[in-house]
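The next block is entry.pdb, given as PDB, C-alpha atoms and all ligand atoms.
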MODEL        1
ATOM      1  CA  MET A   1       4.119  16.234  11.006
ATOM      2  CA  GLU A   2       2.138  17.041  14.129
ATOM      3  CA  ASN A   3      -1.131  16.740  12.244
ATOM      4  CA  PHE A   4      -2.214  16.306   8.660
ATOM      5  CA  HIS A   5      -4.743  19.139   8.372
ATOM      6  CA  ASP A   6      -2.977  22.327   9.391
ATOM      7  CA  GLN A   7      -0.036  22.446   7.000
ATOM      8  CA  GLU A   8       1.447  24.798   4.462
ATOM      9  CA  GLY A   9       1.341  23.757   0.836
ATOM     10  CA  TRP A  10      -1.026  22.492  -1.809
ATOM     11  CA  ILE A  11      -3.399  19.606  -2.319
ATOM     12  CA  TRP A  12      -4.891  18.878  -5.717
ATOM     13  CA  CYS A  13      -8.640  18.472  -5.254
ATOM     14  CA  ASP A  14     -11.396  18.149  -7.858
ATOM     15  CA  GLY A  15      -9.468  19.602 -10.745
ATOM     16  CA  LYS A  16      -7.050  22.120  -9.250
ATOM     17  CA  LEU A  17      -4.444  22.825  -6.615
ATOM     18  CA  ARG A  18      -5.938  24.273  -3.437
ATOM     19  CA  LYS A  19      -4.378  25.474  -0.205
ATOM     20  CA  TRP A  20      -3.536  22.440   1.953
ATOM     21  CA  ASN A  21      -5.460  23.567   5.020
ATOM     22  CA  GLU A  22      -8.540  24.597   3.025
ATOM     23  CA  VAL A  23      -9.270  21.213   1.451
ATOM     24  CA  GLN A  24     -12.261  19.761   3.247
ATOM     25  CA  LEU A  25     -15.038  17.253   2.816
ATOM     26  CA  HIS A  26     -18.479  17.576   4.291
ATOM     27  CA  VAL A  27     -19.223  15.536   7.400
ATOM     28  CA  LEU A  28     -22.211  13.995   5.620
ATOM     29  CA  SER A  29     -20.078  12.482   2.840
ATOM     30  CA  HIS A  30     -21.012   8.978   1.751
ATOM     31  CA  GLY A  31     -17.343   8.006   1.751
ATOM     32  CA  LEU A  32     -17.094   8.665   5.471
ATOM     33  CA  HIS A  33     -20.310   6.916   6.520
ATOM     34  CA  TYR A  34     -20.435   3.972   4.125
ATOM     35  CA  ALA A  35     -16.756   3.577   3.157
ATOM     36  CA  SER A  36     -17.237   4.406  -0.528
ATOM     37  CA  CYS A  37     -13.630   5.465  -0.579
ATOM     38  CA  VAL A  38     -10.522   4.178  -2.348
ATOM     39  CA  PHE A  39      -6.956   5.380  -2.183
ATOM     40  CA  GLU A  40      -3.371   4.796  -3.250
ATOM     41  CA  GLY A  41       0.046   5.071  -1.660
ATOM     42  CA  GLU A  42       2.938   6.042  -3.929
ATOM     43  CA  ARG A  43       6.499   7.141  -3.453
ATOM     44  CA  VAL A  44       8.584   9.861  -5.019
ATOM     45  CA  TYR A  45      12.241   8.876  -5.387
ATOM     46  CA  GLY A  46      14.656  11.562  -6.540
ATOM     47  CA  GLY A  47      11.823  13.558  -8.086
ATOM     48  CA  THR A  48      10.181  10.602  -9.865
ATOM     49  CA  VAL A  49       6.944   8.855  -8.866
ATOM     50  CA  PHE A  50       7.660   5.123  -8.897
ATOM     51  CA  LYS A  51       5.169   3.145 -11.034
ATOM     52  CA  LEU A  52       2.832   6.136 -11.243
ATOM     53  CA  ARG A  53       0.763   4.726 -14.108
ATOM     54  CA  GLU A  54       0.131   1.415 -12.288
ATOM     55  CA  HIS A  55      -1.011   3.249  -9.165
ATOM     56  CA  SER A  56      -3.329   5.630 -11.042
ATOM     57  CA  GLN A  57      -4.795   2.663 -12.923
ATOM     58  CA  ARG A  58      -5.311   0.676  -9.707
ATOM     59  CA  LEU A  59      -7.087   3.670  -8.156
ATOM     60  CA  ILE A  60      -9.555   3.776 -11.055
ATOM     61  CA  GLU A  61     -10.093   0.015 -10.858
ATOM     62  CA  SER A  62     -10.540   0.041  -7.075
ATOM     63  CA  ALA A  63     -13.321   2.634  -7.488
ATOM     64  CA  ARG A  64     -14.979   0.507 -10.194
ATOM     65  CA  MET A  65     -14.907  -2.493  -7.855
ATOM     66  CA  LEU A  66     -16.840  -0.348  -5.375
ATOM     67  CA  GLY A  67     -19.306   0.660  -8.072
ATOM     68  CA  PHE A  68     -18.233   4.218  -8.802
ATOM     69  CA  GLU A  69     -16.295   5.923 -11.567
ATOM     70  CA  ILE A  70     -13.585   8.506 -10.880
ATOM     71  CA  PRO A  71     -14.294  11.415 -13.269
ATOM     72  CA  TYR A  72     -10.695  11.633 -14.546
ATOM     73  CA  THR A  73      -8.678   9.548 -16.987
ATOM     74  CA  VAL A  74      -5.527   7.749 -15.955
ATOM     75  CA  GLU A  75      -3.486  10.362 -17.869
ATOM     76  CA  GLU A  76      -5.241  13.192 -16.023
ATOM     77  CA  ILE A  77      -4.580  11.539 -12.658
ATOM     78  CA  ASP A  78      -0.899  11.034 -13.572
ATOM     79  CA  ARG A  79      -0.646  14.696 -14.587
ATOM     80  CA  ALA A  80      -2.376  15.916 -11.426
ATOM     81  CA  THR A  81      -0.016  13.810  -9.298
ATOM     82  CA  ILE A  82       3.045  15.285 -10.971
ATOM     83  CA  GLU A  83       1.593  18.795 -10.671
ATOM     84  CA  THR A  84       1.051  18.304  -6.922
ATOM     85  CA  ALA A  85       4.509  16.844  -6.327
ATOM     86  CA  LYS A  86       6.006  19.799  -8.213
ATOM     87  CA  ALA A  87       3.972  22.332  -6.227
ATOM     88  CA  MET A  88       5.194  20.663  -3.025
ATOM     89  CA  LYS A  89       8.801  20.656  -4.341
ATOM     90  CA  CYS A  90       8.949  17.007  -3.411
ATOM     91  CA  VAL A  91      12.167  15.122  -4.156
ATOM     92  CA  ASP A  92      11.706  12.101  -1.855
ATOM     93  CA  GLY A  93       8.263  11.634  -0.411
ATOM     94  CA  TYR A  94       4.899   9.985  -0.365
ATOM     95  CA  VAL A  95       1.803  10.490  -2.525
ATOM     96  CA  ARG A  96      -1.738   9.857  -1.308
ATOM     97  CA  PRO A  97      -4.511  10.029  -3.909
ATOM     98  CA  VAL A  98      -7.966   9.421  -2.450
ATOM     99  CA  ALA A  99     -11.375   9.229  -4.153
ATOM    100  CA  TRP A 100     -14.727   9.200  -2.383
ATOM    101  CA  ARG A 101     -18.441   9.663  -2.875
ATOM    102  CA  GLY A 102     -19.756  13.018  -1.702
ATOM    103  CA  SER A 103     -22.742  14.351   0.204
ATOM    104  CA  GLU A 104     -25.518  14.719  -2.393
ATOM    105  CA  GLN A 105     -27.296  11.663  -1.036
ATOM    106  CA  MET A 106     -27.284   9.947   2.344
ATOM    107  CA  GLY A 107     -28.076   6.260   2.580
ATOM    108  CA  VAL A 108     -26.677   2.914   1.685
ATOM    109  CA  SER A 109     -27.358   3.418  -2.004
ATOM    110  CA  ALA A 110     -25.830   6.645  -3.229
ATOM    111  CA  GLN A 111     -25.890   6.566  -6.981
ATOM    112  CA  LYS A 112     -26.469  10.326  -7.294
ATOM    113  CA  THR A 113     -23.402  11.370  -5.325
ATOM    114  CA  LYS A 114     -20.563  13.293  -6.910
ATOM    115  CA  VAL A 115     -17.217  11.497  -6.904
ATOM    116  CA  HIS A 116     -14.298  13.532  -5.573
ATOM    117  CA  LEU A 117     -10.575  13.056  -6.029
ATOM    118  CA  ALA A 118      -7.793  14.592  -3.958
ATOM    119  CA  ILE A 119      -4.039  14.092  -4.192
ATOM    120  CA  ALA A 120      -1.667  15.040  -1.375
ATOM    121  CA  VAL A 121       2.133  14.770  -1.327
ATOM    122  CA  TRP A 122       4.448  15.066   1.653
ATOM    123  CA  ASP A 123       7.908  14.095   2.855
ATOM    124  CA  TRP A 124       7.776  10.726   4.564
ATOM    125  CA  PRO A 125      11.069   8.886   4.561
ATOM    126  CA  SER A 126      10.562   5.501   6.280
ATOM    127  CA  TYR A 127       7.596   3.376   7.380
ATOM    128  CA  PHE A 128       9.457   1.181   9.872
ATOM    129  CA  SER A 129      12.309   2.607  11.946
ATOM    130  CA  PRO A 130      15.812   2.249  10.430
ATOM    131  CA  GLU A 131      16.753  -0.135  13.305
ATOM    132  CA  ALA A 132      13.692  -2.302  12.671
ATOM    133  CA  ARG A 133      14.542  -2.388   8.960
ATOM    134  CA  GLU A 134      18.098  -3.507   9.761
ATOM    135  CA  ARG A 135      17.372  -6.229  12.347
ATOM    136  CA  GLY A 136      14.110  -7.279  10.715
ATOM    137  CA  ILE A 137      10.654  -6.271  11.886
ATOM    138  CA  LYS A 138       8.835  -8.149  14.640
ATOM    139  CA  LEU A 139       5.420  -9.506  13.732
ATOM    140  CA  THR A 140       2.657 -11.175  15.658
ATOM    141  CA  MET A 141      -0.277 -13.109  14.238
ATOM    142  CA  SER A 142      -3.455 -11.111  13.955
ATOM    143  CA  LYS A 143      -6.706 -12.469  15.272
ATOM    144  CA  TRP A 144      -8.427 -10.948  12.213
ATOM    145  CA  LYS A 145      -8.582 -12.823   8.933
ATOM    146  CA  ARG A 146      -8.556 -11.495   5.366
ATOM    147  CA  PRO A 147     -12.115 -12.050   4.138
ATOM    148  CA  SER A 148     -13.211 -14.339   1.335
ATOM    149  CA  PRO A 149     -13.739 -12.768  -2.122
ATOM    150  CA  GLU A 150     -17.443 -13.534  -1.726
ATOM    151  CA  THR A 151     -17.754 -11.122   1.195
ATOM    152  CA  GLU A 152     -15.914  -7.988   0.017
ATOM    153  CA  PRO A 153     -14.260  -6.587  -3.123
ATOM    154  CA  VAL A 154     -10.969  -7.875  -1.667
ATOM    155  CA  LYS A 155      -8.722  -6.721  -4.498
ATOM    156  CA  ALA A 156      -9.691  -3.070  -4.192
ATOM    157  CA  LYS A 157      -7.492  -0.706  -2.229
ATOM    158  CA  ALA A 158     -10.590   0.409  -0.382
ATOM    159  CA  SER A 159     -10.627   2.209   2.940
ATOM    160  CA  GLY A 160     -13.271  -0.177   4.347
ATOM    161  CA  LEU A 161     -10.874  -3.099   4.059
ATOM    162  CA  TYR A 162      -8.400  -1.324   6.354
ATOM    163  CA  MET A 163     -10.591  -1.559   9.457
ATOM    164  CA  ILE A 164      -9.163  -5.025  10.219
ATOM    165  CA  CYS A 165      -5.650  -3.786   9.377
ATOM    166  CA  THR A 166      -5.856  -0.917  11.855
ATOM    167  CA  LEU A 167      -7.244  -3.241  14.548
ATOM    168  CA  SER A 168      -4.482  -5.773  13.837
ATOM    169  CA  LYS A 169      -1.622  -3.292  13.722
ATOM    170  CA  GLU A 170      -2.693  -1.428  16.840
ATOM    171  CA  ALA A 171      -3.034  -4.701  18.789
ATOM    172  CA  ALA A 172       0.446  -5.719  17.568
ATOM    173  CA  GLU A 173       1.993  -2.393  18.576
ATOM    174  CA  LYS A 174       0.382  -2.538  22.010
ATOM    175  CA  ALA A 175       1.958  -5.998  22.474
ATOM    176  CA  GLY A 176       5.422  -4.637  21.518
ATOM    177  CA  PHE A 177       5.542  -5.751  17.865
ATOM    178  CA  ASP A 178       6.044  -3.668  14.739
ATOM    179  CA  ASP A 179       3.151  -5.123  12.753
ATOM    180  CA  ALA A 180       0.763  -8.059  12.405
ATOM    181  CA  LEU A 181       0.695 -10.949   9.965
ATOM    182  CA  MET A 182      -2.786 -11.813   8.787
ATOM    183  CA  LEU A 183      -4.113 -15.190   7.710
ATOM    184  CA  ASP A 184      -7.019 -15.463   5.298
ATOM    185  CA  TRP A 185     -10.404 -16.987   5.905
ATOM    186  CA  ARG A 186      -9.026 -20.440   4.981
ATOM    187  CA  GLY A 187      -6.183 -20.174   7.516
ATOM    188  CA  GLN A 188      -3.547 -19.558   4.845
ATOM    189  CA  VAL A 189      -0.886 -16.867   5.234
ATOM    190  CA  ALA A 190      -2.156 -13.726   3.501
ATOM    191  CA  GLU A 191      -0.244 -10.476   4.131
ATOM    192  CA  CYS A 192       0.713  -7.855   6.672
ATOM    193  CA  THR A 193      -1.505  -4.885   7.435
ATOM    194  CA  GLY A 194       0.111  -2.745   4.729
ATOM    195  CA  ALA A 195       2.528  -5.003   2.873
ATOM    196  CA  ASN A 196       2.815  -8.373   1.123
ATOM    197  CA  VAL A 197       4.852 -11.253   2.513
ATOM    198  CA  LEU A 198       7.428 -13.482   0.776
ATOM    199  CA  LEU A 199       9.354 -16.508   2.098
ATOM    200  CA  VAL A 200      12.769 -17.779   1.039
ATOM    201  CA  MET A 201      12.956 -21.584   1.150
ATOM    202  CA  ASN A 202      15.984 -23.459  -0.185
ATOM    203  CA  GLY A 203      16.961 -20.571  -2.437
ATOM    204  CA  GLU A 204      13.462 -20.197  -3.912
ATOM    205  CA  ILE A 205      10.839 -17.586  -3.152
ATOM    206  CA  HIS A 206       7.401 -18.769  -2.066
ATOM    207  CA  THR A 207       4.623 -16.237  -1.739
ATOM    208  CA  PRO A 208       0.851 -16.502  -1.233
ATOM    209  CA  THR A 209      -1.253 -16.320  -4.379
ATOM    210  CA  PRO A 210      -3.010 -12.944  -4.142
ATOM    211  CA  ASP A 211      -6.557 -14.248  -4.510
ATOM    212  CA  CYS A 212      -8.080 -12.430  -1.536
ATOM    213  CA  PHE A 213      -5.761  -9.500  -0.869
ATOM    214  CA  LEU A 214      -3.885  -6.755  -2.680
ATOM    215  CA  ASP A 215      -1.448  -7.925  -5.368
ATOM    216  CA  GLY A 216       1.071  -5.227  -4.462
ATOM    217  CA  ILE A 217       2.841  -3.200  -7.126
ATOM    218  CA  THR A 218       6.062  -3.532  -5.086
ATOM    219  CA  ARG A 219       5.488  -7.293  -4.796
ATOM    220  CA  ARG A 220       5.257  -7.578  -8.561
ATOM    221  CA  ALA A 221       8.380  -5.432  -9.042
ATOM    222  CA  VAL A 222      10.346  -7.545  -6.539
ATOM    223  CA  ILE A 223       9.172 -10.799  -8.148
ATOM    224  CA  GLY A 224      10.529  -9.385 -11.428
ATOM    225  CA  LEU A 225      13.864  -8.554  -9.779
ATOM    226  CA  ALA A 226      14.113 -12.041  -8.252
ATOM    227  CA  LYS A 227      13.359 -13.702 -11.601
ATOM    228  CA  GLY A 228      15.962 -11.435 -13.214
ATOM    229  CA  ARG A 229      18.485 -12.905 -10.796
ATOM    230  CA  GLY A 230      17.436 -16.429 -11.762
ATOM    231  CA  ILE A 231      15.618 -17.026  -8.461
ATOM    232  CA  LYS A 232      12.581 -19.256  -8.845
ATOM    233  CA  VAL A 233       9.362 -17.620  -7.596
ATOM    234  CA  ILE A 234       6.436 -19.844  -6.641
ATOM    235  CA  GLU A 235       2.991 -18.358  -5.964
ATOM    236  CA  ARG A 236       0.963 -20.865  -3.991
ATOM    237  CA  ALA A 237      -1.107 -21.434  -0.868
ATOM    238  CA  VAL A 238       1.285 -20.732   2.018
ATOM    239  CA  TRP A 239       0.331 -22.218   5.399
ATOM    240  CA  PRO A 240       1.502 -21.058   8.833
ATOM    241  CA  ASP A 241       3.596 -24.274   9.104
ATOM    242  CA  ASP A 242       5.599 -23.177   6.038
ATOM    243  CA  LEU A 243       6.939 -20.271   8.091
ATOM    244  CA  LYS A 244       8.824 -22.765  10.289
ATOM    245  CA  LYS A 245      10.663 -24.040   7.198
ATOM    246  CA  ALA A 246      11.561 -20.599   5.819
ATOM    247  CA  ASP A 247      15.203 -19.467   5.783
ATOM    248  CA  GLU A 248      14.294 -15.804   5.308
ATOM    249  CA  VAL A 249      11.028 -13.891   5.325
ATOM    250  CA  PHE A 250      10.433 -10.354   4.123
ATOM    251  CA  VAL A 251       7.676  -7.907   3.258
ATOM    252  CA  THR A 252       7.180  -5.640   0.253
ATOM    253  CA  GLY A 253       5.087  -2.511  -0.104
ATOM    254  CA  THR A 254       5.217   1.078  -1.280
ATOM    255  CA  ALA A 255       5.722   2.323   2.269
ATOM    256  CA  ALA A 256       7.593  -0.741   3.598
ATOM    257  CA  GLU A 257       9.745  -1.139   0.424
ATOM    258  CA  VAL A 258      11.703  -4.403   0.952
ATOM    259  CA  THR A 259      11.908  -4.998   4.704
ATOM    260  CA  PRO A 260      13.193  -8.177   6.359
ATOM    261  CA  ILE A 261      11.150  -9.944   9.024
ATOM    262  CA  GLY A 262      13.211 -10.851  12.107
ATOM    263  CA  GLN A 263      10.491 -12.472  14.153
ATOM    264  CA  ILE A 264       6.949 -13.839  13.895
ATOM    265  CA  ASP A 265       5.833 -14.569  17.458
ATOM    266  CA  ASP A 266       8.105 -17.477  18.597
ATOM    267  CA  LEU A 267       9.841 -17.912  15.230
ATOM    268  CA  HIS A 268      13.088 -16.031  14.637
ATOM    269  CA  PHE A 269      14.718 -15.321  11.278
ATOM    270  CA  GLN A 270      18.093 -14.015  10.116
ATOM    271  CA  VAL A 271      18.250 -11.151   7.660
ATOM    272  CA  GLY A 272      19.527 -13.379   4.864
ATOM    273  CA  PRO A 273      21.409 -12.907   1.590
ATOM    274  CA  ILE A 274      18.422 -13.076  -0.771
ATOM    275  CA  THR A 275      16.493 -10.432   1.176
ATOM    276  CA  ARG A 276      19.563  -8.198   1.223
ATOM    277  CA  LYS A 277      20.154  -8.649  -2.510
ATOM    278  CA  LEU A 278      16.548  -7.858  -3.393
ATOM    279  CA  ARG A 279      16.527  -4.893  -1.028
ATOM    280  CA  ASP A 280      19.597  -3.501  -2.827
ATOM    281  CA  ASP A 281      18.144  -4.295  -6.261
ATOM    282  CA  PHE A 282      14.912  -2.552  -5.319
ATOM    283  CA  GLU A 283      16.769   0.526  -4.087
ATOM    284  CA  LYS A 284      18.512   0.709  -7.446
ATOM    285  CA  LEU A 285      15.302   0.124  -9.402
ATOM    286  CA  VAL A 286      13.376   2.949  -7.752
ATOM    287  CA  ARG A 287      16.170   5.409  -8.503
ATOM    288  CA  GLN A 288      16.456   4.530 -12.171
ATOM    289  CA  PRO A 289      14.120   6.258 -14.584
ATOM    290  CA  ALA A 290      11.858   3.585 -16.068
ATOM    291  CA  LYS A 291       9.023   3.579 -18.564
ATOM    292  CA  GLN A 292       6.323   3.503 -15.903
ATOM    293  CA  THR A 293       7.747   6.343 -13.845
ATOM    294  CA  ALA A 294       7.173  10.026 -14.411
ATOM    295  CA  LYS A 295       9.509  12.853 -13.621
ATOM    296  CA  VAL A 296       8.262  15.484 -11.208
ATOM    297  CA  GLY A 297      10.840  18.182 -11.844
TER     298      GLY A 297
HETATM  299  N1  LIG B   1      -1.276  -5.089   1.198
HETATM  300  C1  LIG B   1      -1.830  -4.043   1.836
HETATM  301  C2  LIG B   1      -2.973  -4.299   2.785
HETATM  302  C3  LIG B   1      -1.357  -2.746   1.624
HETATM  303  O1  LIG B   1      -1.905  -1.698   2.247
HETATM  304  C4  LIG B   1      -0.262  -2.550   0.744
HETATM  305  C5  LIG B   1       0.267  -1.162   0.505
HETATM  306  N2  LIG B   1      -0.447  -0.513  -0.497
HETATM  307  C6  LIG B   1       0.291  -3.670   0.102
HETATM  308  C7  LIG B   1      -0.234  -4.921   0.353
HETATM  309  C8  LIG B   1       1.425  -3.520  -0.863
HETATM  310  O2  LIG B   1       0.989  -2.912  -2.040
HETATM  311  P1  LIG B   1       1.926  -1.962  -2.910
HETATM  312  O3  LIG B   1       3.204  -2.700  -3.115
HETATM  313  O4  LIG B   1       1.172  -1.789  -4.165
HETATM  314  O5  LIG B   1       2.119  -0.711  -2.146
ENDMDL
END
For the file at hand, write its structure as structure tokens.
Amino acid sequence: MENFHDQEGWIWCDGKLRKWNEVQLHVLSHGLHYASCVFEGERVYGGTVFKLREHSQRLIESARMLGFEIPYTVEEIDRATIETAKAMKCVDGYVRPVAWRGSEQMGVSAQKTKVHLAIAVWDWPSYFSPEARERGIKLTMSKWKRPSPETEPVKAKASGLYMICTLSKEAAEKAGFDDALMLDWRGQVAECTGANVLLVMNGEIHTPTPDCFLDGITRRAVIGLAKGRGIKVIERAVWPDDLKKADEVFVTGTAAEVTPIGQIDDLHFQVGPITRKLRDDFEKLVRQPAKQTAKVG
């Protein structure tokens, strides 16, 4: 897409489908000025939204963590998502629900604002290029750190928390990398700018405990797949030195799916057997109708 505003199609906004290019928010919206805005990223696989209920629930909880209530139930958000995907005739694509505080009040405190919800769906096949996914993505360390839970509602998927992700990813791209790996405020390995990170060490999976960043829905699904294969999964504090001892490293995320890491600055990694297995298992999982998924067509 050349841009995201001037398109044909439909976006569900505040209770009904509206023409894509007519959905607008006012420039004096609280969400824009003070980051009272939460969102989700979901994928449609073969006409089914993967883990739709989990995503809709996380959206509601993210808003609560920011102190506002989305005026729809989880069932209503699920239904609206399916309605939008249907209207867009989406078979394989991406879903972006976003909720924000409106323009009834301007200032840091905005308890009288109306809360809006919009859901857009579009075709968006791959986050990293197919070559990067095959050889493994190249990462560099970010200079920005994931903040402590005492400084931000770190578990919310809140737009304000993405400022450091955008800065990190753009710096990485300018230096010739695909993405950045972020440490947390303690110096422990945290996550990438839009995906979680997992290490394979001696046949086991080690992954940072998600105590100051998003506990990804894909991460949880992949941990389940690994356990199903009898692979031990250890959530713990992971330090940058652990990366030197890893046999394989990969990321998980709705957009990134399961993507191997080929390089982190001076460290190089092979795309190994466990990453490949889990990538294949994940591809199968997303195409099989499960309890948590909902059919679009
Ligand atoms: N961390 C960040 C910062 C992200 O943006 C994402 C993508 N939503 C993830 C992790 C992975 O989360 P999920 O698997 O739920 O998409």
Q) To one decimal place, how far is atom CA of Gly230 of chain A from atom CA of Val251 of chain A in Å? A)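 Going from atom CA of Gly230 of chain A over to atom CA of Val251 of chain A covers 19.8 Å.
Atom CA of Leu161 of chain A lies 11.6 Å from atom CA of Ser62 of chain A.
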Q: Counting only C-alpha atoms, write as a list in words all protein and nucleic acid residues lying at most 12 Å from (6.7, -19.0, 16.1) in the file's frame.
A: Lys138, Leu139, Thr140, Met141, Leu181, Pro240, Asp241, Asp242, Leu243, Lys244, Lys245, Ala246, Gly262, Gln263, Ile264, Asp265, Asp266, Leu267, His268 and Phe269 of chain A
Q.
Would you compute the distance between atom C6 of ligand LIG 1 (chain B) and atom CA of Gly176 of chain A? Give it in Å to one decimal.
A.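 Value for the atom C6 of ligand LIG 1 (chain B)-atom CA of Gly176 of chain A distance: 22.0 Å.
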Q. Got a sec to resolve the PyMOL selection byres (((chain A and resi 47-56) around 10) and not hetatm) on this structure and send the residues as a PyMOL selection string?
A. chain A and resi 39-46+57-62+73-79+81-82+85-86+89-95+97+216-218+221+254+285-297
Q: Just say which residues the PyMOL selection byres (((not hetatm)) within 8 of (chain B and resi 1)) picks in this file, as a PyMOL selection string.
A: chain A and resi 40-42+55+157+162+165+191-196+213-220+252-257
